[in-house]
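Everything below belongs to upload-v3.cif, which stores mmCIF, C-alpha atoms.
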data_model
#
loop_
_atom_site.group_PDB
_atom_site.id
_atom_site.type_symbol
_atom_site.label_atom_id
_atom_site.label_comp_id
_atom_site.auth_asym_id
_atom_site.auth_seq_id
_atom_site.Cartn_x
_atom_site.Cartn_y
_atom_site.Cartn_z
ATOM 1 C CA MET A 107 99.025 104.235 121.490
ATOM 2 C CA VAL A 108 98.231 100.840 120.026
ATOM 3 C CA ALA A 109 99.443 97.760 121.913
ATOM 4 C CA GLY A 110 102.159 99.705 123.711
ATOM 5 C CA GLU A 111 103.649 101.497 120.726
ATOM 6 C CA LYS A 112 103.404 104.727 118.763
ATOM 7 C CA ASN A 113 103.118 104.451 114.982
ATOM 8 C CA THR A 114 103.828 107.337 112.628
ATOM 9 C CA ARG A 115 103.186 106.906 108.902
ATOM 10 C CA VAL A 116 103.788 109.314 106.026
ATOM 11 C CA PHE A 117 102.653 108.456 102.506
ATOM 12 C CA PHE A 118 103.197 110.699 99.490
ATOM 13 C CA ALA A 119 102.334 109.920 95.865
ATOM 14 C CA LEU A 120 102.210 111.823 92.592
ATOM 15 C CA SER A 121 100.577 111.012 89.297
ATOM 16 C CA TYR A 122 101.549 112.222 85.849
ATOM 17 C CA GLU A 123 99.794 111.213 82.664
ATOM 18 C CA TYR A 124 100.477 112.195 79.074
ATOM 19 C CA ASN A 125 97.536 111.654 76.689
ATOM 20 C CA ILE A 126 97.675 111.279 72.923
ATOM 21 C CA VAL A 127 94.533 111.858 70.840
ATOM 22 C CA LEU A 128 93.974 108.761 68.690
ATOM 23 C CA ARG A 129 91.527 110.312 66.221
ATOM 24 C CA LYS A 130 92.384 113.802 65.058
ATOM 25 C CA THR A 131 89.557 115.405 63.091
ATOM 26 C CA THR A 132 88.456 118.936 62.426
ATOM 27 C CA GLU A 133 84.759 118.067 62.806
ATOM 28 C CA LYS A 134 83.055 118.143 66.196
ATOM 29 C CA THR A 135 82.457 114.667 67.609
ATOM 30 C CA LYS A 136 80.987 113.598 70.935
ATOM 31 C CA LEU A 137 83.467 110.724 71.481
ATOM 32 C CA THR A 138 87.210 111.290 71.568
ATOM 33 C CA PRO A 139 89.562 108.322 72.150
ATOM 34 C CA TYR A 140 92.936 108.842 73.856
ATOM 35 C CA LEU A 141 95.893 106.705 74.803
ATOM 36 C CA GLY A 142 97.735 107.815 77.918
ATOM 37 C CA LEU A 143 101.117 106.987 79.396
ATOM 38 C CA SER A 144 101.222 107.224 83.168
ATOM 39 C CA ILE A 145 103.842 107.244 85.915
ATOM 40 C CA ASN A 146 102.966 107.253 89.607
ATOM 41 C CA PRO A 147 105.957 107.724 91.916
ATOM 42 C CA PHE A 148 105.384 107.141 95.637
ATOM 43 C CA PHE A 149 107.160 107.361 98.985
ATOM 44 C CA GLU A 150 106.116 105.823 102.297
ATOM 45 C CA ASN A 151 107.848 106.039 105.647
ATOM 46 C CA SER A 152 106.607 104.447 108.850
ATOM 47 C CA ILE A 153 108.200 104.563 112.280
ATOM 48 C CA THR A 154 107.232 102.349 115.213
ATOM 49 C CA MET A 155 108.348 103.500 118.661
ATOM 50 C CA PRO A 156 107.509 100.902 121.329
ATOM 51 C CA SER A 157 106.738 102.046 124.834
ATOM 52 C CA ILE A 158 107.995 98.870 126.489
ATOM 53 C CA SER A 159 111.669 97.992 126.868
ATOM 54 C CA SER A 160 111.435 94.463 125.432
ATOM 55 C CA GLN A 161 110.721 95.857 121.946
ATOM 56 C CA PHE A 162 112.854 98.142 119.780
ATOM 57 C CA PRO A 163 112.201 100.999 117.342
ATOM 58 C CA GLU A 164 111.646 100.092 113.718
ATOM 59 C CA ARG A 165 111.598 102.196 110.541
ATOM 60 C CA ASN A 166 110.236 101.085 107.167
ATOM 61 C CA THR A 167 110.837 103.172 104.051
ATOM 62 C CA ASP A 168 109.342 102.218 100.705
ATOM 63 C CA PHE A 169 109.651 104.177 97.468
ATOM 64 C CA GLY A 170 109.144 103.418 93.814
ATOM 65 C CA ALA A 171 106.866 103.961 90.850
ATOM 66 C CA LEU A 172 104.005 102.412 88.903
ATOM 67 C CA PHE A 173 104.016 102.628 85.106
ATOM 68 C CA ALA A 174 100.852 102.193 83.048
ATOM 69 C CA ILE A 175 99.152 102.768 79.724
ATOM 70 C CA VAL A 176 95.716 104.334 80.013
ATOM 71 C CA PRO A 177 93.187 103.947 77.212
ATOM 72 C CA ARG A 178 90.384 106.461 77.667
ATOM 73 C CA ILE A 179 87.281 107.794 75.984
ATOM 74 C CA ASN A 180 85.901 111.279 76.552
ATOM 75 C CA TYR A 181 82.254 111.956 75.812
ATOM 76 C CA THR A 182 81.367 115.642 75.391
ATOM 77 C CA LEU A 183 78.348 116.587 77.489
ATOM 78 C CA LYS A 184 77.498 120.307 77.262
ATOM 79 C CA GLY A 185 79.854 123.199 76.646
ATOM 80 C CA ASN A 186 83.302 122.362 78.011
ATOM 81 C CA TRP A 187 82.052 119.553 80.268
ATOM 82 C CA TYR A 188 82.857 115.953 79.407
ATOM 83 C CA LEU A 189 82.509 112.448 80.780
ATOM 84 C CA ASP A 190 85.797 110.524 81.063
ATOM 85 C CA LEU A 191 86.037 106.718 81.096
ATOM 86 C CA ASN A 192 89.484 105.163 81.438
ATOM 87 C CA VAL A 193 91.080 101.851 82.349
ATOM 88 C CA PRO A 194 94.696 102.094 83.563
ATOM 89 C CA ILE A 195 96.638 98.967 82.603
ATOM 90 C CA GLN A 196 99.675 98.620 84.821
ATOM 91 C CA LEU A 197 102.750 97.597 82.823
ATOM 92 C CA PHE A 198 105.131 97.265 85.734
ATOM 93 C CA GLU A 199 105.869 98.389 89.263
ATOM 94 C CA THR A 200 109.260 98.862 90.828
ATOM 95 C CA HIS A 201 110.113 99.745 94.384
ATOM 96 C CA VAL A 202 112.799 99.709 97.044
ATOM 97 C CA ALA A 203 111.912 98.779 100.631
ATOM 98 C CA VAL A 204 114.363 99.531 103.457
ATOM 99 C CA ASN A 205 113.681 98.162 106.943
ATOM 100 C CA THR A 206 115.761 99.263 109.950
ATOM 101 C CA ARG A 207 115.430 97.565 113.347
ATOM 102 C CA GLU A 208 117.233 99.088 116.329
ATOM 103 C CA ASN A 209 117.600 95.735 118.087
ATOM 104 C CA PRO A 210 121.008 95.651 119.878
ATOM 105 C CA ILE A 211 120.942 91.838 119.909
ATOM 106 C CA LEU A 212 121.253 91.750 116.117
ATOM 107 C CA PRO A 213 124.651 92.312 114.479
ATOM 108 C CA ILE A 214 124.890 95.757 112.854
ATOM 109 C CA SER A 215 124.906 94.166 109.376
ATOM 110 C CA GLN A 216 121.479 92.574 110.059
ATOM 111 C CA ARG A 217 119.734 95.629 111.492
ATOM 112 C CA LYS A 218 119.096 97.115 108.066
ATOM 113 C CA THR A 219 117.607 95.141 105.176
ATOM 114 C CA THR A 220 116.918 96.356 101.655
ATOM 115 C CA LEU A 221 114.619 94.734 99.131
ATOM 116 C CA VAL A 222 114.497 95.851 95.501
ATOM 117 C CA SER A 223 111.603 94.468 93.496
ATOM 118 C CA PHE A 224 110.250 94.658 89.984
ATOM 119 C CA GLU A 225 106.856 93.263 89.035
ATOM 120 C CA ALA A 226 105.716 93.102 85.417
ATOM 121 C CA LEU A 227 102.002 93.196 84.645
ATOM 122 C CA PRO A 228 100.703 93.415 88.211
ATOM 123 C CA ARG A 229 97.161 92.184 88.751
ATOM 124 C CA ASN A 230 95.703 95.560 89.742
ATOM 125 C CA VAL A 231 92.821 96.519 87.452
ATOM 126 C CA MET A 232 90.754 99.678 87.779
ATOM 127 C CA VAL A 233 87.935 101.239 85.825
ATOM 128 C CA ARG A 234 87.616 104.966 86.413
ATOM 129 C CA ILE A 235 84.800 107.270 85.404
ATOM 130 C CA GLY A 236 84.615 110.980 86.041
ATOM 131 C CA VAL A 237 83.357 114.333 84.891
ATOM 132 C CA GLY A 238 85.825 116.939 83.663
ATOM 133 C CA LEU A 239 85.942 120.539 82.498
ATOM 134 C CA ARG A 240 88.121 121.716 79.601
ATOM 135 C CA ILE A 241 89.681 125.086 80.307
#

Could you show the structure in this file as structure tokens?
Amino acid sequence: MVAGEKNTRVFFALSYEYNIVLRKTTEKTKLTPYLGLSINPFFENSITMPSISSQFPERNTDFGALFAIVPRINYTLKGNWYLDLNVPIQLFETHVAVNTRENPILPISQRKTTLVSFEALPRNVMVRIGVGLRI
């Protein structure tokens, strides 16, 4: 209970990335450059159930996807182990947000609102580094 209400939130996201080797050689090299294409679909649902009668239940649902290109460099360490450095560059993000308020004072047509948005070149920038194992 927070401030007389119960909040329930569910968030689910997936990530899929397809990588293309930029330099194909038959000789063994320590550095291998890749260019990846990434999609990250997500779903979020939150429900607020107030415990006092002057407030009303509310449900927010948000779903969409992030699309990015991901330049990366793999540095071979020892055996099948490698160091991975990548910088996802978000191309665009799209999502749909649906908000439902169970307020009986509002007309039925105003209890549910939907917002569809599209944002090109969002400002999110990440640098990721990790260690991987080729199987």

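Going from CA of Val222 in chain A over to CA of Pro147 in chain A, you cover 15.1 Å.
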
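Take CA of His201 in chain A and CA of Ala119 in chain A: the distance between them is 12.9 Å.
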
Shortest contact to Leu197 in chain A, candidates A:Ile158, A:Ile214, A:Leu143, A:Leu239, atoms counted all atoms listed in the file, goes to A:Leu143

Report the closest atom pair, with its distance in Å rounded to one decimal, for each residue of range 159-199 of chain A that has an atom no farther than 7 Å from range 226-233 of chain A; count only C-alpha atoms, sort by chain and then rising residue number, and write it as a Markdown table.
| residue | atom | partner | partner_atom | distance |
| --- | --- | --- | --- | --- |
| A:Asn192 | CA | A:Val233 | CA | 6.1 |
| A:Val193 | CA | A:Val233 | CA | 4.7 |
| A:Pro194 | CA | A:Met232 | CA | 6.3 |
| A:Ile195 | CA | A:Val231 | CA | 6.6 |
| A:Gln196 | CA | A:Leu227 | CA | 5.9 |
| A:Leu197 | CA | A:Leu227 | CA | 4.8 |
| A:Phe198 | CA | A:Ala226 | CA | 4.2 |
| A:Glu199 | CA | A:Ala226 | CA | 6.5 |

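Between CA of Ser160 in chain A and CA of Ser215 in chain A the interatomic distance comes to 21.0 Å.
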
I need the residue set behind the PyMOL selection byres ((chain A and resi 191) around 10) for this file; please write it as a list in words.
-> Pro139, Pro177, Arg178, Ile179, Asn180, Tyr181, Tyr188, Leu189, Asp190, Asn192, Val193, Val233, Arg234, Ile235, Gly236 and Val237 of chain A

Store the residues of this selection in a file with C-alpha atoms, as a compact mmCIF listing (two decimals), keeping the file's coordinate frame.
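Dumped everything to again.txt:
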# COMPACT_ATOMS: atom_id res chain seq x y z
CA PRO A 139 89.56 108.32 72.15
CA PRO A 177 93.19 103.95 77.21
CA ARG A 178 90.38 106.46 77.67
CA ILE A 179 87.28 107.79 75.98
CA ASN A 180 85.90 111.28 76.55
CA TYR A 181 82.25 111.96 75.81
CA TYR A 188 82.86 115.95 79.41
CA LEU A 189 82.51 112.45 80.78
CA ASP A 190 85.80 110.52 81.06
CA ASN A 192 89.48 105.16 81.44
CA VAL A 193 91.08 101.85 82.35
CA VAL A 233 87.94 101.24 85.82
CA ARG A 234 87.62 104.97 86.41
CA ILE A 235 84.80 107.27 85.40
CA GLY A 236 84.62 110.98 86.04
CA VAL A 237 83.36 114.33 84.89
